[in-house]
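Q: Mind looking over this structure? Questions follow.
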Amino acid sequence: MGKILSKRATEDTEERKAKRRRDGVLVSYAYTFAEVAVNLIYVPLLLATIGKTEYGLYQTVGAIMSYIISINSVLSAGVSRYYCMYKAEGDERMMESTLAIAKRLYWGISAVAVAVVLLLIPLMRMAYASSYTEWQLDECSVMLVVLAVNMVVTFNNTINIAAINANERFVFLKGTQLITLVCQPVLIIALGHIFPSAVMITLVVLAMNVLCSTLQRVYAQGFLGTKYTFHGWDKWLLKGLLGFSATIVLVTIADQIFWNSGKLLIGYFAGADLVAVFGVGSQIYGAYMAAGMAISGVFFQRVSELVHARHDMKAVSELFARVGRVSFAALFLILGGFLVLGRDFVVLWAGEDFGVAFWVAILVMVPMTIDLVQNLGLTILQVLDKYFFRGVVYIGLSIANIAVSFAVIPGWGVVGAAASSGLCMLIGNGFIMNWYYGAKVGVDIKMFWREVLRCGIPLILAAAAMVIVREVLPVDLLNWPELIGMGLVYVLLYFVVYWKIGSNEWERRAIGSLFSR
C-alpha cells in the first residue's frame, strides 16, 4: 500500500468539494456560453476573411485530424479513472505511478500518431484528386503536418488535465481554456487579412494550444504539487490502463467515424463548397454538444467516490437524475430557441447560401438531446468499467451511418447526411443505451426519465407555442432587431414556465443561492 495523502488533503471537507463542483458547473456553463457567443461572431467573420473554399478545406482537414486526435482519448479516460480511484483511496504512490506510466505511454503513442499522419498525406491526395485542385491538396498536406505537431502537444498535456480534474480545480482549467477561446479567433481574424488561408488557422491553433498547455502544466506541478514519479512498471496498473483504454479507443473511433464521415463523404462527392455548408451546420450542433457535455466531467471524482468508496448505486442514480434535469433545462433553452428562430438566425448569421445549414443542425440536435441529457451516464460507465458495450453499439451504428450517407448524399446532399446521423443517434441513444443503463448498469432509468419529463414537458409546450407564433407571423425573414426581440420574449416565457412549473424545490434553492452569491 502506498503512502497516504497528506493531512491537508484528507481534511478537504465534503462542503469544500461540493462548492468546487458547483463552481465547476457554473464556470463550465459560462465557458460554453462564451464559446457559443464567440462562434456567433467568429464564423461569419472567418467566412468573409478567408472565403468559402478555404473554410471548406479547413473543415476537411479538421475532419481527418479528429480521427487521429481521438487517440488522445485512448489513455485520457483511463488516466482519469485510475487517478481518481487512487485519490479516493488516498494512495499517493499509485497516483504518481498512474501519471508516470501514462506519460511514457504517450511518448510512444505520439510517435505512432505522427507516422500515421505522414501516411495519411499521400492517401488523402489520392482520395481527393478528382474533387480538389493540386494547390488545394498541397495546402491540405501542410495543414496535416501542422496539426500533427498540435496533436503531440495535446497528447502530452493530458496527464496535467487529469490531475487538475481529479483535484476538482475546474475554475482554473476552464479559465485557461477561455483564454484560448477568446484569443484564438481574434488572432485568426487579424492575421486573416494578411494571410487569408486555412494554413494560417492551423498555425494559430497550434500556438494557442502550446500556451494553454504550458499554463496547465505549471499549475499542476507548481500549485497543486502533482508528481509524476516513476515507481516502475506496475503490471496490474499497466494492464488496467491498456485494457480500459482498448475499450475507450473503440468508442472514440466509433464517435469520430460517426461525426466526421459526413464531411469526408460530402467532400468526396461534391467538393469543398458543400463541406463549408455542412461545416456551418456542424458548428451549430457542435456548440450545442459542448453545452450538453459541459458539466459531466465535473462529477468524475464524485462518481468515483460513490462507487469505489461508498458502493452506493442508489446515490449514483439520484445524482444521474438530478444532473439530467438541470442538463435538460439548460439544453432545451437552446434547442427550443433554435426551433423557433433558427432559420432566421442562420440566414442572418452566415448568409443565404448557408440557409440549408439550419436543417443540418436541427436533424442532429433533436436526437442528440437524449445523449446529452444522459451525458453523466458515460462517466458512470467509465467509472464502473462498463464502457465496452457502448463501443460495440456505436461501431455498428457508425458503419450503418456511412452506408446510409453514401446512398443518400448524391441525391439529398448535406440534409441526407444529417438525417442519417440523426436516425442512428435516435436508435443508439434513445433505445439501446437506455435499455443498457437500466438492465445492466444498475441505474434507475425509469426514475431518471420520470424526473426529466416532469421538468421537460412544460418547457416543450412553451417552445411549441412560440414556434406556432413564429409561423403565423406575416414575415418571411426577421431582421436582427426583430430576432433579438422575439428571442427575449422566448427566454422570458421559458424562465417563467421553468420557475413556476418545471423546477423542483432543490433547483429553486440552488438558483436562489447562485443569485445571492
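By order in the C-alpha cells, chains are A, B, ...; within a chain, residues start at 1; ligands start at 1, following the order shown.
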Could you pull out the alpha helix (DSSP H) residues of stretch 204-252 of chain A, going by DSSP on the backbone, and write them as a ChimeraX atom specification?
A: /A:204-218,235-252
Q: So how far away is atom CA of A:Gly377 from atom CA of A:Phe448, in Å?
A: 10.8 Å
Q: Given only C-alpha atoms as the basis, pick out the residue of A:Pro481, A:Val373, A:Thr226, A:Gly355 nearest to A:Tyr288.
A: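 Using only C-alpha atoms, the shortest distance to A:Tyr288 belongs to A:Val373.
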Q: Just checking: using only C-alpha atoms, which residue out of A:Tyr83, A:Phe431, A:Trp359, A:Phe33 ends up closest to A:Val415?
A: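 Of all the options, A:Trp359 lies closest to A:Val415.
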Q: Using Å and a single decimal, report how far atom CA of A:Ala162 sits from atom CA of A:Tyr228.
A: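 Those two atoms sit 12.0 Å apart.
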Q: Pick out the closest residue to A:Ala287 from this set: A:Ala361, A:Ala465, A:Ala407, A:Tyr490. Count only C-alpha atoms.
A: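 Smallest distance to A:Ala287 is found for A:Ala361.
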Q: May I have the residues within 7 Å of A:Ile121 as a ChimeraX atom specification, using only C-alpha atoms and disregarding those fewer than 4 positions away in the same chain?
A: /A:117,125,141
Q: Mind checking which residues fall within 10 Å of A:Pro185, counting only C-alpha atoms, ignoring those fewer than 6 positions away in the same chain, and posting them as a ChimeraX atom specification?
A: /A:38-39,41-43,45-46,191-192,201,204-205
Q: Contacts of A:Ile427 at 12 Å or less, counting only C-alpha atoms, minus same-chain residues fewer than 3 places along, as a list of chain:residue names?
A: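 So the residues in contact are A:Pro367, A:Met368, A:Ile370, A:Asp371, A:Val393, A:Tyr394, A:Gly396, A:Leu397, A:Ser398, A:Ala400, A:Asn401, A:Ser420, A:Ser421, A:Gly422, A:Leu423, A:Cys424, A:Gly430, A:Phe431, A:Ile432, A:Met433, A:Asn434, A:Trp435.
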Q: From the set A:Leu384, A:Ile253, A:Val218, A:Leu118, which residue has the shortest atom-to-atom contact distance to A:Met85, counting only C-alpha atoms?
A: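 Closest to A:Met85, using only C-alpha atoms: A:Leu384.
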Q: At a cut-off of 9 Å, using only C-alpha atoms, what residues contact stretch 318-334 of chain A? Leave out same-chain residues fewer than 4 positions from it and give the result as JSON, numbers by chain.
A: {"A": [288, 291, 292, 293, 295, 296, 303, 313, 314, 338, 339, 369, 370, 372, 373, 374, 375, 376, 377, 380, 443, 444, 445, 447, 448, 449, 450, 451, 452, 453, 454, 455, 456, 459, 460, 463, 490, 491, 494, 495, 498, 502, 503, 507]}
Q: Restricting it to N, CA and C atoms, dump the selection as a CSV table (one decimal), in the first residue's frame.
A:
```csv
chain,number,residue,atom,x,y,z
A,288,TYR,N,-23.9,23.2,-29.5
A,288,TYR,CA,-25.0,22.5,-28.6
A,288,TYR,C,-24.4,21.3,-27.9
A,291,ALA,N,-22.5,22.4,-24.9
A,291,ALA,CA,-23.3,22.8,-23.8
A,291,ALA,C,-23.8,21.6,-23.0
A,292,GLY,N,-24.1,20.5,-23.7
A,292,GLY,CA,-24.5,19.3,-23.0
A,292,GLY,C,-23.4,18.6,-22.3
A,293,MET,N,-22.2,18.7,-22.8
A,293,MET,CA,-21.1,18.0,-22.1
A,293,MET,C,-20.4,18.8,-21.1
A,295,ILE,N,-20.9,19.8,-18.0
A,295,ILE,CA,-20.9,19.5,-16.6
A,295,ILE,C,-20.5,18.1,-16.2
A,296,SER,N,-20.6,17.2,-17.1
A,296,SER,CA,-20.4,15.8,-16.7
A,296,SER,C,-19.0,15.5,-16.2
A,303,VAL,N,-18.5,10.6,-8.7
A,303,VAL,CA,-19.0,9.3,-9.1
A,303,VAL,C,-18.0,8.2,-8.6
A,313,MET,N,-25.1,2.6,-5.4
A,313,MET,CA,-25.7,2.9,-6.7
A,313,MET,C,-27.0,3.7,-6.7
A,314,LYS,N,-27.7,3.6,-5.5
A,314,LYS,CA,-28.8,4.4,-5.4
A,314,LYS,C,-28.5,5.9,-5.4
A,338,PHE,N,-33.8,27.5,-30.9
A,338,PHE,CA,-33.3,27.3,-32.3
A,338,PHE,C,-34.5,26.8,-33.2
A,339,LEU,N,-35.4,26.0,-32.6
A,339,LEU,CA,-36.6,25.6,-33.3
A,339,LEU,C,-37.4,26.8,-33.7
A,369,THR,N,-30.1,15.3,-28.2
A,369,THR,CA,-30.5,15.8,-26.9
A,369,THR,C,-30.6,14.6,-25.9
A,370,ILE,N,-31.1,13.5,-26.3
A,370,ILE,CA,-31.1,12.3,-25.5
A,370,ILE,C,-29.8,12.0,-24.9
A,372,LEU,N,-27.1,13.9,-24.7
A,372,LEU,CA,-26.5,15.0,-23.9
A,372,LEU,C,-27.2,15.1,-22.5
A,373,VAL,N,-28.5,14.8,-22.4
A,373,VAL,CA,-29.1,14.8,-21.1
A,373,VAL,C,-28.6,13.7,-20.3
A,374,GLN,N,-28.2,12.6,-20.9
A,374,GLN,CA,-27.6,11.5,-20.2
A,374,GLN,C,-26.1,11.4,-20.2
A,375,ASN,N,-25.5,12.6,-20.4
A,375,ASN,CA,-24.0,12.5,-20.6
A,375,ASN,C,-23.3,12.1,-19.3
A,376,LEU,N,-23.8,12.3,-18.2
A,376,LEU,CA,-23.2,11.8,-17.0
A,376,LEU,C,-23.2,10.2,-17.0
A,377,GLY,N,-24.1,9.6,-17.7
A,377,GLY,CA,-24.1,8.2,-17.8
A,377,GLY,C,-22.8,7.6,-18.4
A,380,ILE,N,-20.4,7.4,-15.6
A,380,ILE,CA,-20.7,6.3,-14.8
A,380,ILE,C,-20.2,5.0,-15.4
A,443,VAL,N,-28.6,1.4,-13.0
A,443,VAL,CA,-29.1,2.8,-12.8
A,443,VAL,C,-30.6,2.7,-12.9
A,444,ASP,N,-31.3,3.5,-12.1
A,444,ASP,CA,-32.8,3.5,-12.1
A,444,ASP,C,-33.2,4.4,-13.3
A,445,ILE,N,-33.3,3.9,-14.5
A,445,ILE,CA,-33.6,4.7,-15.7
A,445,ILE,C,-35.0,5.2,-15.7
A,447,MET,N,-36.7,6.2,-13.1
A,447,MET,CA,-36.7,7.4,-12.3
A,447,MET,C,-36.1,8.5,-13.0
A,448,PHE,N,-35.0,8.3,-13.7
A,448,PHE,CA,-34.3,9.3,-14.5
A,448,PHE,C,-35.3,10.0,-15.4
A,449,TRP,N,-36.0,9.2,-16.3
A,449,TRP,CA,-36.9,9.8,-17.3
A,449,TRP,C,-38.1,10.4,-16.6
A,450,ARG,N,-38.6,9.8,-15.5
A,450,ARG,CA,-39.7,10.4,-14.8
A,450,ARG,C,-39.4,11.8,-14.3
A,451,GLU,N,-38.2,12.0,-13.8
A,451,GLU,CA,-37.8,13.3,-13.3
A,451,GLU,C,-37.5,14.3,-14.4
A,452,VAL,N,-36.9,13.8,-15.5
A,452,VAL,CA,-36.6,14.7,-16.6
A,452,VAL,C,-37.9,15.2,-17.3
A,453,LEU,N,-38.8,14.3,-17.5
A,453,LEU,CA,-40.1,14.7,-18.1
A,453,LEU,C,-40.9,15.6,-17.2
A,454,ARG,N,-40.9,15.5,-15.9
A,454,ARG,CA,-41.6,16.4,-15.0
A,454,ARG,C,-41.0,17.8,-15.3
A,455,CYS,N,-39.7,17.9,-15.5
A,455,CYS,CA,-39.2,19.2,-15.8
A,455,CYS,C,-39.4,19.6,-17.3
A,456,GLY,N,-39.3,18.6,-18.2
A,456,GLY,CA,-39.3,18.9,-19.6
A,456,GLY,C,-40.6,19.2,-20.3
A,459,LEU,N,-41.7,22.8,-20.5
A,459,LEU,CA,-40.8,23.6,-21.3
A,459,LEU,C,-41.0,23.3,-22.8
A,460,ILE,N,-41.3,22.1,-23.2
A,460,ILE,CA,-41.5,21.7,-24.5
A,460,ILE,C,-42.8,22.4,-25.0
A,463,ALA,N,-42.1,26.1,-25.8
A,463,ALA,CA,-41.4,26.3,-27.0
A,463,ALA,C,-42.3,26.0,-28.2
A,490,TYR,N,-39.1,34.8,-25.9
A,490,TYR,CA,-39.0,33.3,-25.7
A,490,TYR,C,-38.3,33.0,-24.4
A,491,VAL,N,-37.1,33.7,-24.2
A,491,VAL,CA,-36.4,33.4,-22.9
A,491,VAL,C,-37.2,33.7,-21.7
A,494,TYR,N,-39.8,31.1,-21.2
A,494,TYR,CA,-39.1,29.9,-20.8
A,494,TYR,C,-38.8,29.9,-19.3
A,495,PHE,N,-38.2,31.0,-18.8
A,495,PHE,CA,-37.8,31.0,-17.4
A,495,PHE,C,-39.0,31.1,-16.5
A,498,TYR,N,-40.4,27.5,-16.4
A,498,TYR,CA,-39.5,26.7,-15.7
A,498,TYR,C,-39.6,26.9,-14.2
A,502,GLY,N,-41.7,23.8,-14.0
A,502,GLY,CA,-40.7,22.8,-14.3
A,502,GLY,C,-39.7,22.5,-13.2
A,503,SER,N,-39.3,23.5,-12.4
A,503,SER,CA,-38.3,23.3,-11.4
A,503,SER,C,-38.8,22.7,-10.2
A,507,GLU,N,-33.8,22.8,-7.1
A,507,GLU,CA,-33.3,23.6,-8.1
A,507,GLU,C,-33.6,25.1,-7.8
```
Q: Which one is closest to A:Glu89: A:Glu471, A:Glu305, A:Lys500, A:Met151? Count only C-alpha atoms.
A: A:Glu305
Q: Given the choices A:Val392, A:Val414, A:Leu40, A:Val356, which gets closest to A:Ile284 if the distance is worked out from only C-alpha atoms?
A: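 Nearest candidate to A:Ile284 out of A:Val392, A:Val414, A:Leu40, A:Val356: A:Leu40.
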Q: Report, in Å with one decimal, the straight-line distance from atom CA of A:Met126 to atom CA of A:Asp273.
A: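 Answer for the atom CA of A:Met126 to atom CA of A:Asp273 separation: 19.4 Å.
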Q: Using only C-alpha atoms, determine which residues lie at most 12 Å from A:Thr60, disregarding the query and same-chain residues fewer than 2 positions distant; provide the list as a ChimeraX atom specification.
A: /A:53-58,62-67,124,128,132,136-137,139-141,143-144,198,260-268,271-279
